Every structure is written in structure tokens, then in C-alpha cells.
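K.L.:
Just so it is clear, I am handing over final36.cif, which has mmCIF, C-alpha atoms.
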```cif
data_entry
#
loop_
_atom_site.label_atom_id
_atom_site.label_comp_id
_atom_site.auth_asym_id
_atom_site.auth_seq_id
_atom_site.Cartn_x
_atom_site.Cartn_y
_atom_site.Cartn_z
CA MET A 153 148.24 65.56 166.20
CA ILE A 154 148.07 66.31 162.51
CA ALA A 155 147.19 69.98 162.91
CA GLY A 156 148.14 72.81 165.22
CA LYS A 157 149.93 76.09 165.49
CA PHE A 158 153.14 77.49 166.82
CA SER A 159 154.19 80.92 167.98
CA ILE A 160 157.16 83.00 166.98
CA THR A 161 158.28 86.43 168.06
CA THR A 162 159.90 88.66 165.52
CA ALA A 163 162.59 91.14 166.58
CA ARG A 164 162.89 93.60 163.72
CA PRO A 165 160.69 95.62 161.32
CA MET A 166 161.53 93.19 158.51
CA GLU A 167 163.17 89.80 158.80
CA MET A 168 163.02 86.23 157.58
CA ILE A 169 162.80 83.60 160.32
CA ASP A 170 163.72 80.00 159.52
CA ILE A 171 160.80 77.84 160.76
CA THR A 172 161.89 74.58 159.10
CA ALA A 173 162.81 72.88 162.39
CA MET A 174 159.48 73.86 163.98
CA VAL A 175 157.60 72.32 161.05
CA SER A 176 159.67 69.13 160.90
CA ASP A 177 159.34 68.64 164.68
CA ARG A 178 155.53 68.62 164.31
CA LEU A 179 155.79 66.22 161.40
CA ARG A 180 157.99 63.83 163.38
CA GLN A 181 155.48 63.79 166.25
CA ALA A 182 152.63 63.15 163.80
CA CYS A 183 154.29 59.94 162.48
CA ILE A 184 152.92 60.42 158.97
CA THR A 185 154.65 58.58 156.13
CA GLN A 186 153.19 60.16 152.97
CA GLY A 187 151.10 63.27 152.46
CA THR A 188 151.27 67.02 152.37
CA CYS A 189 151.76 69.70 155.01
CA THR A 190 150.00 73.03 154.52
CA LEU A 191 151.28 76.03 156.46
CA PHE A 192 149.06 79.07 156.86
CA ASN A 193 150.02 82.55 158.03
CA PRO A 194 146.99 84.31 159.61
CA HIS A 195 148.56 87.79 159.44
CA THR A 196 148.13 90.44 156.75
CA THR A 197 151.54 92.11 157.05
CA ALA A 198 153.68 88.95 156.94
CA GLY A 199 154.28 86.13 154.49
CA LEU A 200 155.59 82.59 154.06
CA THR A 201 158.25 81.61 151.56
CA ILE A 202 160.77 78.90 150.77
CA ASN A 203 164.24 80.02 149.76
CA GLU A 204 167.95 79.47 150.40
CA GLY A 205 168.94 78.98 154.04
CA ALA A 206 172.68 78.29 153.74
CA ASP A 207 173.89 81.87 153.27
CA PRO A 208 172.09 84.44 155.47
CA ASP A 209 173.05 87.10 152.90
CA VAL A 210 170.33 85.67 150.63
CA GLN A 211 167.67 86.45 153.23
CA GLN A 212 169.09 89.95 153.61
CA ASP A 213 169.08 90.44 149.84
CA ILE A 214 165.46 89.26 149.55
CA ILE A 215 164.44 91.84 152.15
CA SER A 216 166.50 94.60 150.50
CA GLY A 217 165.07 93.58 147.13
CA LEU A 218 161.48 93.75 148.39
CA GLN A 219 162.16 97.21 149.85
CA LYS A 220 163.34 98.33 146.40
CA ILE A 221 160.46 96.63 144.55
CA VAL A 222 157.60 97.89 146.71
CA PRO A 223 157.27 101.69 146.78
CA MET A 224 157.81 102.80 150.39
CA ALA A 225 157.12 106.54 149.92
CA TYR A 226 154.10 106.31 147.58
CA PRO A 227 151.17 108.35 148.97
CA PHE A 228 149.22 105.37 150.31
CA LYS A 229 145.70 105.88 151.69
CA HIS A 230 145.68 103.34 154.58
CA ALA A 231 146.15 105.47 157.70
CA GLU A 232 148.13 102.87 159.62
CA GLY A 233 151.09 103.53 157.31
CA ASN A 234 151.98 99.88 156.71
CA SER A 235 150.64 99.46 153.18
CA PRO A 236 154.05 98.34 151.86
CA ALA A 237 153.88 95.42 154.33
CA HIS A 238 150.38 94.48 153.09
CA ILE A 239 151.66 94.50 149.49
CA MET A 240 154.66 92.31 150.40
CA ALA A 241 152.23 89.89 152.09
CA SER A 242 150.32 89.45 148.83
CA LEU A 243 153.55 89.10 146.81
CA THR A 244 154.94 86.29 148.99
CA GLY A 245 151.64 84.62 149.91
CA SER A 246 149.73 83.38 152.95
CA ALA A 247 149.95 79.62 152.47
CA LEU A 248 152.54 77.00 151.52
CA THR A 249 152.08 73.31 150.75
CA ILE A 250 155.07 71.00 151.17
CA LEU A 251 155.25 67.31 150.27
CA ILE A 252 155.91 64.59 152.86
CA GLU A 253 157.70 61.43 151.70
CA ASP A 254 159.02 58.64 153.95
CA GLY A 255 158.09 60.65 157.03
CA GLN A 256 160.16 63.66 156.00
CA LEU A 257 159.43 67.09 154.61
CA VAL A 258 160.72 67.10 151.05
CA LEU A 259 162.91 70.15 150.57
CA GLY A 260 165.70 70.80 148.09
CA THR A 261 169.33 70.86 149.24
CA TRP A 262 169.39 74.61 149.88
CA GLN A 263 165.74 75.14 150.76
CA ARG A 264 164.44 76.28 154.13
CA ILE A 265 160.97 77.48 155.11
CA PHE A 266 160.77 81.11 156.22
CA PHE A 267 158.25 83.24 158.05
CA CYS A 268 158.62 86.73 156.57
CA GLU A 269 158.00 89.62 158.94
CA PHE A 270 157.18 92.83 157.08
CA ASP A 271 155.79 94.98 159.92
CA GLY A 272 157.50 93.93 163.11
CA PRO A 273 158.51 93.39 165.72
CA ARG A 274 155.39 91.46 166.78
CA PRO A 275 154.29 88.13 168.22
CA ARG A 276 153.14 85.93 165.33
CA THR A 277 151.48 82.56 164.78
CA VAL A 278 151.80 79.93 162.06
CA LEU A 279 149.06 77.31 161.55
CA TRP A 280 149.67 73.90 160.00
CA ARG A 281 147.72 70.84 158.92
CA ILE A 282 148.91 67.54 157.51
CA LEU A 283 146.84 65.66 154.93
CA VAL A 284 147.65 61.96 154.98
CA CYS A 285 147.89 59.76 151.88
CA THR A 286 146.44 56.29 152.41
CA MET B 108 129.13 68.88 147.55
CA ILE B 109 132.78 69.20 148.33
CA ALA B 110 133.74 70.82 145.03
CA GLY B 111 132.24 73.33 142.66
CA LYS B 112 132.57 76.80 141.26
CA PHE B 113 131.00 80.18 141.60
CA SER B 114 130.72 83.16 139.30
CA ILE B 115 131.57 86.78 139.92
CA THR B 116 131.35 89.81 137.69
CA THR B 117 133.98 92.47 138.01
CA ALA B 118 133.11 96.11 137.39
CA ARG B 119 136.43 97.86 136.92
CA PRO B 120 139.79 97.40 135.12
CA MET B 121 141.44 96.52 138.44
CA GLU B 122 139.74 95.68 141.72
CA MET B 123 139.81 93.30 144.65
CA ILE B 124 136.52 91.51 145.34
CA ASP B 125 135.94 89.97 148.75
CA ILE B 126 134.84 86.34 148.12
CA THR B 127 135.11 85.14 151.75
CA ALA B 128 131.35 84.81 152.22
CA MET B 129 130.99 82.83 148.99
CA VAL B 130 133.67 80.39 150.13
CA SER B 131 132.34 80.01 153.68
CA ASP B 132 128.78 79.45 152.36
CA ARG B 133 130.04 76.48 150.31
CA LEU B 134 131.92 75.16 153.31
CA ARG B 135 128.85 75.39 155.54
CA GLN B 136 126.78 73.43 153.01
CA ALA B 137 129.52 70.79 152.77
CA CYS B 138 129.37 70.07 156.54
CA ILE B 139 133.09 69.28 156.74
CA THR B 140 134.74 69.43 160.15
CA GLN B 141 138.47 69.28 159.41
CA GLY B 142 140.39 69.60 156.17
CA THR B 143 141.56 72.09 153.61
CA CYS B 144 139.83 74.15 150.96
CA THR B 145 141.73 74.88 147.75
CA LEU B 146 140.55 77.77 145.59
CA PHE B 147 141.64 77.96 141.97
CA ASN B 148 141.39 80.89 139.57
CA PRO B 149 141.20 79.63 135.95
CA HIS B 150 142.02 83.05 134.43
CA THR B 151 145.44 84.36 133.32
CA THR B 152 144.84 88.06 133.99
CA ALA B 153 143.47 87.75 137.52
CA GLY B 154 144.73 86.43 140.86
CA LEU B 155 143.72 85.22 144.31
CA THR B 156 145.09 86.67 147.52
CA ILE B 157 144.38 86.93 151.23
CA ASN B 158 144.83 90.33 152.83
CA GLU B 159 143.18 92.87 155.13
CA GLY B 160 139.45 93.36 154.63
CA ALA B 161 138.61 95.82 157.41
CA ASP B 162 139.84 99.02 155.76
CA PRO B 163 139.04 99.23 152.00
CA ASP B 164 141.98 101.62 151.65
CA VAL B 165 144.29 98.61 151.98
CA GLN B 166 142.77 97.04 148.87
CA GLN B 167 143.15 100.34 147.04
CA ASP B 168 146.79 100.62 148.15
CA ILE B 169 147.56 97.07 147.00
CA ILE B 170 146.19 97.89 143.54
CA SER B 171 148.07 101.23 143.42
CA GLY B 172 151.20 99.46 144.61
CA LEU B 173 150.95 96.76 141.92
CA GLN B 174 150.49 99.47 139.27
CA LYS B 175 153.73 101.09 140.51
CA ILE B 176 155.61 97.76 140.76
CA VAL B 177 154.70 96.35 137.35
CA PRO B 178 155.87 98.48 134.41
CA MET B 179 152.75 99.59 132.53
CA ALA B 180 154.49 101.40 129.63
CA TYR B 181 157.29 98.90 128.95
CA PRO B 182 157.34 97.91 125.26
CA PHE B 183 155.68 94.51 125.75
CA LYS B 184 155.40 92.09 122.80
CA HIS B 185 151.97 90.51 123.48
CA ALA B 186 149.63 92.23 121.00
CA GLU B 187 146.59 92.16 123.29
CA GLY B 188 148.20 94.87 125.43
CA ASN B 189 147.42 93.28 128.79
CA SER B 190 150.86 91.94 129.69
CA PRO B 191 150.93 93.89 132.99
CA ALA B 192 147.81 91.93 134.03
CA HIS B 193 149.50 88.62 133.15
CA ILE B 194 152.51 89.61 135.27
CA MET B 195 150.29 90.58 138.21
CA ALA B 196 148.57 87.17 137.89
CA SER B 197 151.90 85.40 138.37
CA LEU B 198 152.88 87.69 141.27
CA THR B 199 149.68 87.01 143.25
CA GLY B 200 149.12 83.40 142.17
CA SER B 201 146.39 81.14 140.77
CA ALA B 202 145.65 78.94 143.78
CA LEU B 203 145.10 79.33 147.53
CA THR B 204 144.78 76.65 150.20
CA ILE B 205 142.98 77.54 153.43
CA LEU B 206 142.64 75.37 156.52
CA ILE B 207 139.27 74.17 157.85
CA GLU B 208 138.95 73.56 161.60
CA ASP B 209 135.71 72.86 163.49
CA GLY B 210 133.70 73.40 160.32
CA GLN B 211 135.06 76.92 159.78
CA LEU B 212 137.57 78.50 157.43
CA VAL B 213 140.56 79.48 159.55
CA LEU B 214 141.40 83.10 158.81
CA GLY B 215 143.22 85.67 160.93
CA THR B 216 141.30 88.53 162.55
CA TRP B 217 141.84 90.93 159.65
CA GLN B 218 142.07 88.44 156.80
CA ARG B 219 139.60 88.17 153.94
CA ILE B 220 139.91 86.21 150.67
CA PHE B 221 140.05 88.35 147.54
CA PHE B 222 139.62 87.72 143.84
CA CYS B 223 141.96 90.19 142.13
CA GLU B 224 140.80 91.54 138.78
CA PHE B 225 143.69 92.89 136.73
CA ASP B 226 142.07 93.17 133.28
CA GLY B 227 138.37 93.83 133.77
CA PRO B 228 135.58 94.32 133.75
CA ARG B 229 134.77 90.69 132.91
CA PRO B 230 132.67 87.77 134.10
CA ARG B 231 134.95 85.46 136.12
CA THR B 232 134.81 82.06 137.79
CA VAL B 233 136.46 80.64 140.92
CA LEU B 234 136.79 76.87 141.40
CA TRP B 235 137.02 75.20 144.81
CA ARG B 236 137.57 71.74 146.28
CA ILE B 237 137.56 70.60 149.90
CA LEU B 238 139.87 67.80 151.04
CA VAL B 239 138.50 66.10 154.14
CA CYS B 240 140.63 64.89 157.05
CA THR B 241 139.40 61.60 158.49
CA MET C 31 151.87 55.95 141.29
CA ILE C 32 150.39 59.00 142.91
CA ALA C 33 153.69 60.75 143.57
CA GLY C 34 157.00 61.15 141.82
CA LYS C 35 159.28 63.57 140.09
CA PHE C 36 160.35 64.47 136.61
CA SER C 37 163.46 66.12 135.21
CA ILE C 38 163.79 69.04 132.86
CA THR C 39 166.82 70.78 131.43
CA THR C 40 166.70 74.49 130.93
CA ALA C 41 168.60 76.11 128.05
CA ARG C 42 168.77 79.81 128.92
CA PRO C 43 169.49 82.10 131.89
CA MET C 44 165.77 82.85 132.20
CA GLU C 45 162.90 81.01 130.55
CA MET C 46 159.44 79.59 131.15
CA ILE C 47 159.04 75.91 130.26
CA ASP C 48 155.55 74.51 129.70
CA ILE C 49 155.30 71.38 131.90
CA THR C 50 151.53 70.85 131.51
CA ALA C 51 151.89 67.71 129.38
CA MET C 52 154.37 66.18 131.85
CA VAL C 53 151.92 66.73 134.71
CA SER C 54 148.85 65.48 132.84
CA ASP C 55 150.75 62.36 131.67
CA ARG C 56 151.44 61.45 135.32
CA LEU C 57 147.83 62.11 136.21
CA ARG C 58 146.57 59.87 133.40
CA GLN C 59 148.81 57.03 134.60
CA ALA C 60 147.56 57.51 138.16
CA CYS C 61 143.90 56.95 137.14
CA ILE C 62 142.58 59.34 139.79
CA THR C 63 139.09 60.74 139.30
CA GLN C 64 138.84 63.55 141.87
CA GLY C 65 141.46 65.23 143.99
CA THR C 66 144.31 67.71 143.89
CA CYS C 67 147.79 67.63 142.43
CA THR C 68 150.52 69.54 144.25
CA LEU C 69 153.68 70.43 142.33
CA PHE C 70 156.81 71.37 144.23
CA ASN C 71 159.96 73.01 142.91
CA PRO C 72 162.97 72.06 145.11
CA HIS C 73 165.21 74.83 143.74
CA THR C 74 165.82 78.30 145.20
CA THR C 75 166.47 80.17 141.93
CA ALA C 76 163.44 78.91 140.00
CA GLY C 77 159.67 79.09 140.39
CA LEU C 78 156.36 77.57 139.32
CA THR C 79 153.51 79.56 137.83
CA ILE C 80 150.33 79.20 135.80
CA ASN C 81 149.79 81.68 133.00
CA GLU C 82 148.85 82.00 129.33
CA GLY C 83 150.34 79.40 127.01
CA ALA C 84 148.73 80.30 123.68
CA ASP C 85 150.95 83.24 122.75
CA PRO C 86 154.66 82.74 123.58
CA ASP C 87 155.01 86.54 123.70
CA VAL C 88 153.24 86.46 127.08
CA GLN C 89 155.99 84.27 128.53
CA GLN C 90 158.60 86.63 127.09
CA ASP C 91 156.79 89.64 128.57
CA ILE C 92 156.58 88.01 132.02
CA ILE C 93 160.34 87.44 131.96
CA SER C 94 161.04 90.99 130.71
CA GLY C 95 158.65 92.33 133.33
CA LEU C 96 160.36 90.43 136.17
CA GLN C 97 163.73 91.76 134.99
CA LYS C 98 162.31 95.30 135.23
CA ILE C 99 160.60 94.68 138.59
CA VAL C 100 163.53 93.06 140.41
CA PRO C 101 166.60 95.30 140.70
CA MET C 102 169.42 93.55 138.82
CA ALA C 103 172.22 96.02 139.67
CA TYR C 104 171.44 96.63 143.35
CA PRO C 105 174.52 96.04 145.53
CA PHE C 106 173.44 92.61 146.79
CA LYS C 107 175.48 90.86 149.51
CA HIS C 108 175.19 87.21 148.39
CA ALA C 109 178.55 86.44 146.75
CA GLU C 110 177.15 84.03 144.16
CA GLY C 111 175.63 87.00 142.32
CA ASN C 112 172.22 85.42 141.71
CA SER C 113 170.16 87.27 144.33
CA PRO C 114 167.71 88.57 141.69
CA ALA C 115 166.90 84.92 140.85
CA HIS C 116 166.29 84.15 144.56
CA ILE C 117 163.93 87.14 144.78
CA MET C 118 162.03 86.01 141.66
CA ALA C 119 161.71 82.54 143.22
CA SER C 120 159.93 84.03 146.25
CA LEU C 121 157.71 86.24 144.05
CA THR C 122 156.46 83.33 141.90
CA GLY C 123 156.47 80.60 144.58
CA SER C 124 157.74 77.07 145.17
CA ALA C 125 154.47 75.12 145.13
CA LEU C 126 151.27 74.96 143.10
CA THR C 127 148.05 73.06 143.80
CA ILE C 128 145.78 72.23 140.86
CA LEU C 129 142.35 70.61 141.03
CA ILE C 130 141.57 67.24 139.42
CA GLU C 131 138.00 66.63 138.22
CA ASP C 132 136.81 63.66 136.10
CA GLY C 133 140.38 62.44 135.78
CA GLN C 134 141.64 65.69 134.26
CA LEU C 135 143.68 68.63 135.50
CA VAL C 136 141.31 71.59 135.70
CA LEU C 137 142.90 74.51 133.88
CA GLY C 138 141.29 77.55 132.27
CA THR C 139 141.13 77.86 128.47
CA TRP C 140 144.41 79.77 128.19
CA GLN C 141 146.21 78.36 131.22
CA ARG C 142 149.36 76.26 131.09
CA ILE C 143 151.69 75.26 133.94
CA PHE C 144 155.21 76.69 133.71
CA PHE C 145 158.53 75.94 135.35
CA CYS C 146 160.31 79.30 135.59
CA GLU C 147 164.08 79.23 135.25
CA PHE C 148 165.70 82.32 136.76
CA ASP C 149 169.36 81.21 136.94
CA GLY C 150 169.98 78.76 134.12
CA PRO C 151 170.82 76.88 132.16
CA ARG C 152 170.67 73.96 134.62
CA PRO C 153 169.20 70.50 135.06
CA ARG C 154 166.08 70.85 137.24
CA THR C 155 163.54 68.61 138.95
CA VAL C 156 159.83 69.01 139.72
CA LEU C 157 158.16 66.90 142.43
CA TRP C 158 154.45 66.06 142.43
CA ARG C 159 151.91 64.32 144.64
CA ILE C 160 148.23 63.62 144.07
CA LEU C 161 145.78 63.67 146.97
CA VAL C 162 142.72 61.56 146.19
CA CYS C 163 139.16 62.47 147.18
CA THR C 164 137.14 59.49 148.29
#
```
Now, as a test, write the supplied structure out as C-alpha cells.
P.N.:
Amino acid sequence: MIAGKFSITTARPMEMIDITAMVSDRLRQACITQGTCTLFNPHTTAGLTINEGADPDVQQDIISGLQKIVPMAYPFKHAEGNSPAHIMASLTGSALTILIEDGQLVLGTWQRIFFCEFDGPRPRTVLWRILVCT
Amino acid sequence: MIAGKFSITTARPMEMIDITAMVSDRLRQACITQGTCTLFNPHTTAGLTINEGADPDVQQDIISGLQKIVPMAYPFKHAEGNSPAHIMASLTGSALTILIEDGQLVLGTWQRIFFCEFDGPRPRTVLWRILVCT
Amino acid sequence: MIAGKFSITTARPMEMIDITAMVSDRLRQACITQGTCTLFNPHTTAGLTINEGADPDVQQDIISGLQKIVPMAYPFKHAEGNSPAHIMASLTGSALTILIEDGQLVLGTWQRIFFCEFDGPRPRTVLWRILVCT
């Protein structure tokens, strides 16, 4: 399989979940040597990002930072009350493309791939597709 | 055709224009079963994003939120006076990659693709290219 | 070669370095007519963005704007003290995909590709891979 999806369940209103192992497991099963892997988040109150995974304080600081950056008390019009989560989704982005070299995801020393929950807890899905270089 | 461009005309200083139908029309004509579609915005005061399309209040809240997040009165140096729009362009991003499965764009239930005008009204262009999986 | 990496050295704590010529040099050597070029930044305190290159004041305003947008004095937990740079990395993004048509990178009139240093000066690397359309 060079495409598919996997499920995750978030536990808190906002959190960053490390999905690197889930992505590299799919890549290993696909037996692709060179190419790219595109991840796609089909939700409008969540995002995908790559950032430091070694110190969990970084993930906490990114969430605290986003809560400071995005106005939480602004008189938003959307009745569901989760407009800050929609804004965070557009700031972090819905899709990520990662390079594959020698059968491995190419990530920097400190980099991990994160699913960002901005309006949880909820069950969530991440879609992926590998494009193969011939 | 698996690549091309389409034109849009924005009507306001800031607005989000739903371009999903324009993208899926091109995809239908291309008759591609599996692959990816990359959209590229060649402008420096506009962006591309995927977010909720069902309630137009969400689009309005994203624009209001960006106007709160990006300082509009900061003493910027760029003489043209549209530095906030350049900053919003880098926050939302110039390119988007969307998955194609079974001949369809894969989008979540509430997701639509938006061209984000940050310095309009202007005529604008969106470029696209499909990469086919064999 | 349709994949590789190149090195850059940043000189300041925060700066935007125009890497367009480095990318188009690689593309010229690759002799690819149609496809996409994905750039990937393997660092967690830096980003990649496309924005205006004609007036250097725009780059300065984007940096000043990010310093206003991201709280610099918030009591962050990460002991290294560079949490604002990690947040900026997630706001600008780790990867960029650019279209290739007729052997050229497709960029708008004012667009240039920038490596964004948020925690320099440091030696940095940018990875790239071209996907060819057949």
C-alpha cells in the first residue's frame, strides 16, 4: 500500500500528538526507496506540523504560544464557539510533504511529526499518500 | 491536461474565496484516478488555505482573527503600506497539496479550499499541477 | 541528480535568506521539464516561505511582524529559551512545494524563496527533491 489513513484519539482540548512512528511504519510496509510522503488532515479545527520532539516542554510552549497569539475572547460570529481552533488550523496547515530517501523519512535530528488538536478531545484521522521516484 | 491555471477576481480588501469547484472541475477533466494535486499561489499578498466552508461566519472569523493577530498599525518600513498582507501570506502559505483518490479530491466533510485575498480587490491567478500515481 | 541538499550559514538571530538561485541552479542541472520541487527544512527553529524579494524592507517587516505576533517574554517552559523560534517555525512551515514548467521554477513576478532563520546565527541545511511528470 502506498496510500491509506490512520486513526488517532485526542484526549485534551489542545494537544500535540507525535505521529512519526505511525507514518514511518506505513513507509516501511510500503518498501519505497525514494519519493515523498504527503500527509493530509481532513479536519478544520486541527493541524499538522513538524517541530522538536525531544523536550515535551516545546510542545507545551507551542500550544501556550498559539493561545496567546490567537484571540480567544474576540467576539467571533461562528455560533459553535470554536473559531480560535479554525484560525489555528489555517496557521499550522492541513498538509505536510516529507522526503523519503533510502527507504526512510528524512527528518532532522530533533524533528518529529505532530498532529495538532485544537478543539478536542475527538477521534481524528490522518490520510497519507506516497509518491514514488523512479 | 494535468496542469494549468485559473483566474479569479477578488472584490474586497480581504476575503476568502471558495475555489474547490474550480479545482475539482480541472481534476474531473484530467481523468486521474490516484495522485496528488498541488495548488500554487503566485502572489505575495494572498494565501491558500483549507478550512470550513459550511458556515460563512468561519471565513469572516478567520479574517477578523488575522487582522487581530497581525499588527496593522506597526511602523512598517515597506513604502507600499501592505506589509500586514505580506505577513498574512507567509502565515497561511503559498502552496497546498491535496490527495486524489478514486478520481476525487479527498477533503474532509467540512473542508473547502480557499484563496485568501489580503490586499484586494485585484485580479488573481492560481496555478495547479497533478502528479499521477501509477 | 533530482535530489540533494545545500548548506547556508546565517549571520543574525533572525533573518530571511533568499535561496531562489540555489534552488533554480539545482533544477537547471537536473534537466527536468515538468514536475514539482519539494524543499524541506530539517531544523526546528527555522522555516521556509515564499514572499516578496524586490524590496528588502518587506523581509524586515515580516521579521518585525513575527516578533510582534509571537510573545517573546511569555514564561515559556523550554529551558533552552528559544520557544518563540519554535513557534515561528510552525507558523511558517517546514516544507514547500513549487511547480516546475518548461524547465523553470514557476514563481510570481515578485516571489522569491526564503530560508527563515529564527534562532541564529547557525549553519543550516535545506533538502530538496524533484518529482518528474512523465
K.L.:
Could you expand the PyMOL selection byres ((chain A and resi 264) around 10) into the explicit residues it covers here, written as a ChimeraX atom specification?
P.N.:
/A:169-173,201-206,259-263,265-266 /C:74
K.L.:
Can you write out the residues you just picked, keeping C-alpha atoms, as an mmCIF file, in the frame of the given file?
P.N.:
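Contents of out13.cif, as written:
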```
data_model
loop_
_atom_site.group_PDB
_atom_site.id
_atom_site.type_symbol
_atom_site.label_atom_id
_atom_site.label_comp_id
_atom_site.auth_asym_id
_atom_site.auth_seq_id
_atom_site.Cartn_x
_atom_site.Cartn_y
_atom_site.Cartn_z
ATOM 1 C CA ILE A 169 162.800 83.600 160.320
ATOM 2 C CA ASP A 170 163.720 80.000 159.520
ATOM 3 C CA ILE A 171 160.800 77.840 160.760
ATOM 4 C CA THR A 172 161.890 74.580 159.100
ATOM 5 C CA ALA A 173 162.810 72.880 162.390
ATOM 6 C CA THR A 201 158.250 81.610 151.560
ATOM 7 C CA ILE A 202 160.770 78.900 150.770
ATOM 8 C CA ASN A 203 164.240 80.020 149.760
ATOM 9 C CA GLU A 204 167.950 79.470 150.400
ATOM 10 C CA GLY A 205 168.940 78.980 154.040
ATOM 11 C CA ALA A 206 172.680 78.290 153.740
ATOM 12 C CA LEU A 259 162.910 70.150 150.570
ATOM 13 C CA GLY A 260 165.700 70.800 148.090
ATOM 14 C CA THR A 261 169.330 70.860 149.240
ATOM 15 C CA TRP A 262 169.390 74.610 149.880
ATOM 16 C CA GLN A 263 165.740 75.140 150.760
ATOM 17 C CA ILE A 265 160.970 77.480 155.110
ATOM 18 C CA PHE A 266 160.770 81.110 156.220
ATOM 19 C CA THR C 74 165.820 78.300 145.200
#
```
K.L.:
Enumerate, as a short mmCIF file (atom, residue, chain, number, x, y, z; two decimals) with C-alpha atoms, keeping the file's coordinate frame, the residues matched when the PyMOL selection byres ((chain B) within 7 of (chain C)) is run on the file above.
P.N.:
```cif
data_model
loop_
_atom_site.label_atom_id
_atom_site.label_comp_id
_atom_site.auth_asym_id
_atom_site.auth_seq_id
_atom_site.Cartn_x
_atom_site.Cartn_y
_atom_site.Cartn_z
CA PRO B 149 141.20 79.63 135.95
CA HIS B 150 142.02 83.05 134.43
CA THR B 151 145.44 84.36 133.32
CA ILE B 176 155.61 97.76 140.76
CA VAL B 177 154.70 96.35 137.35
CA PRO B 178 155.87 98.48 134.41
CA PHE B 183 155.68 94.51 125.75
CA LYS B 184 155.40 92.09 122.80
CA HIS B 185 151.97 90.51 123.48
CA SER B 190 150.86 91.94 129.69
CA HIS B 193 149.50 88.62 133.15
CA ILE B 194 152.51 89.61 135.27
CA SER B 197 151.90 85.40 138.37
CA LEU B 198 152.88 87.69 141.27
CA SER B 201 146.39 81.14 140.77
CA ALA B 202 145.65 78.94 143.78
CA LEU B 238 139.87 67.80 151.04
#
```
K.L.:
Please provide the set of residues having any atom within 6 Å of Arg159 in chain C, restricted to all atoms listed in the file, with same-chain residues fewer than 6 positions apart removed, written as a VMD selection string.
P.N.:
chain C and resid 32 to 33 67 to 68
K.L.:
Using the chain letters and residue numbers of this document, give as a PDB file with C-alpha atoms, in the frame of the given file the residues selected by the PyMOL selection byres ((chain A and resi 174) around 12).
P.N.:
```
ATOM      1  CA  GLY A 156     148.140  72.810 165.220  1.00  0.00           C
ATOM      2  CA  LYS A 157     149.930  76.090 165.490  1.00  0.00           C
ATOM      3  CA  PHE A 158     153.140  77.490 166.820  1.00  0.00           C
ATOM      4  CA  SER A 159     154.190  80.920 167.980  1.00  0.00           C
ATOM      5  CA  ILE A 160     157.160  83.000 166.980  1.00  0.00           C
ATOM      6  CA  ILE A 169     162.800  83.600 160.320  1.00  0.00           C
ATOM      7  CA  ASP A 170     163.720  80.000 159.520  1.00  0.00           C
ATOM      8  CA  ILE A 171     160.800  77.840 160.760  1.00  0.00           C
ATOM      9  CA  THR A 172     161.890  74.580 159.100  1.00  0.00           C
ATOM     10  CA  ALA A 173     162.810  72.880 162.390  1.00  0.00           C
ATOM     11  CA  VAL A 175     157.600  72.320 161.050  1.00  0.00           C
ATOM     12  CA  SER A 176     159.670  69.130 160.900  1.00  0.00           C
ATOM     13  CA  ASP A 177     159.340  68.640 164.680  1.00  0.00           C
ATOM     14  CA  ARG A 178     155.530  68.620 164.310  1.00  0.00           C
ATOM     15  CA  LEU A 179     155.790  66.220 161.400  1.00  0.00           C
ATOM     16  CA  ARG A 180     157.990  63.830 163.380  1.00  0.00           C
ATOM     17  CA  GLN A 181     155.480  63.790 166.250  1.00  0.00           C
ATOM     18  CA  LEU A 191     151.280  76.030 156.460  1.00  0.00           C
ATOM     19  CA  LEU A 257     159.430  67.090 154.610  1.00  0.00           C
ATOM     20  CA  ARG A 264     164.440  76.280 154.130  1.00  0.00           C
ATOM     21  CA  ILE A 265     160.970  77.480 155.110  1.00  0.00           C
ATOM     22  CA  PHE A 266     160.770  81.110 156.220  1.00  0.00           C
ATOM     23  CA  PHE A 267     158.250  83.240 158.050  1.00  0.00           C
ATOM     24  CA  THR A 277     151.480  82.560 164.780  1.00  0.00           C
ATOM     25  CA  VAL A 278     151.800  79.930 162.060  1.00  0.00           C
ATOM     26  CA  LEU A 279     149.060  77.310 161.550  1.00  0.00           C
ATOM     27  CA  TRP A 280     149.670  73.900 160.000  1.00  0.00           C
TER      28      TRP A 280
END
```
K.L.:
For Pro165 in chain A, list every protein, DNA or RNA residue within 12 Å, evaluated using all atoms listed in the file, and leave out those in the same chain fewer than 4 positions away; present the list as an MDAnalysis selection string.
P.N.:
chainID A and resid 161 197:198 215 219 234 236:237 268:274
K.L.:
Could you write out the selected residues, including C-alpha atoms, as an mmCIF file, in the coordinates of the input?
P.N.:
```cif
data_model
loop_
_atom_site.group_PDB
_atom_site.id
_atom_site.type_symbol
_atom_site.label_atom_id
_atom_site.label_comp_id
_atom_site.auth_asym_id
_atom_site.auth_seq_id
_atom_site.Cartn_x
_atom_site.Cartn_y
_atom_site.Cartn_z
ATOM 1 C CA THR A 161 158.280 86.430 168.060
ATOM 2 C CA THR A 197 151.540 92.110 157.050
ATOM 3 C CA ALA A 198 153.680 88.950 156.940
ATOM 4 C CA ILE A 215 164.440 91.840 152.150
ATOM 5 C CA GLN A 219 162.160 97.210 149.850
ATOM 6 C CA ASN A 234 151.980 99.880 156.710
ATOM 7 C CA PRO A 236 154.050 98.340 151.860
ATOM 8 C CA ALA A 237 153.880 95.420 154.330
ATOM 9 C CA CYS A 268 158.620 86.730 156.570
ATOM 10 C CA GLU A 269 158.000 89.620 158.940
ATOM 11 C CA PHE A 270 157.180 92.830 157.080
ATOM 12 C CA ASP A 271 155.790 94.980 159.920
ATOM 13 C CA GLY A 272 157.500 93.930 163.110
ATOM 14 C CA PRO A 273 158.510 93.390 165.720
ATOM 15 C CA ARG A 274 155.390 91.460 166.780
#
```
K.L.:
What is the CA of Thr63 in chain C-CA of Ile237 in chain B distance in Å, reported with one decimal?
P.N.:
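Computing it gives 14.6 Å between the two atoms.
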K.L.:
What is the distance, in Å and to one decimal place, between CA of Met224 in chain A and CA of Gly199 in chain A?
P.N.:
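CA of Gly199 in chain A lies 17.5 Å from CA of Met224 in chain A.
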K.L.:
In Å, how far is it from CA of Tyr104 in chain C to CA of Ala163 in chain A?
P.N.:
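Answer for the CA of Tyr104 in chain C to CA of Ala163 in chain A separation: 25.5 Å.
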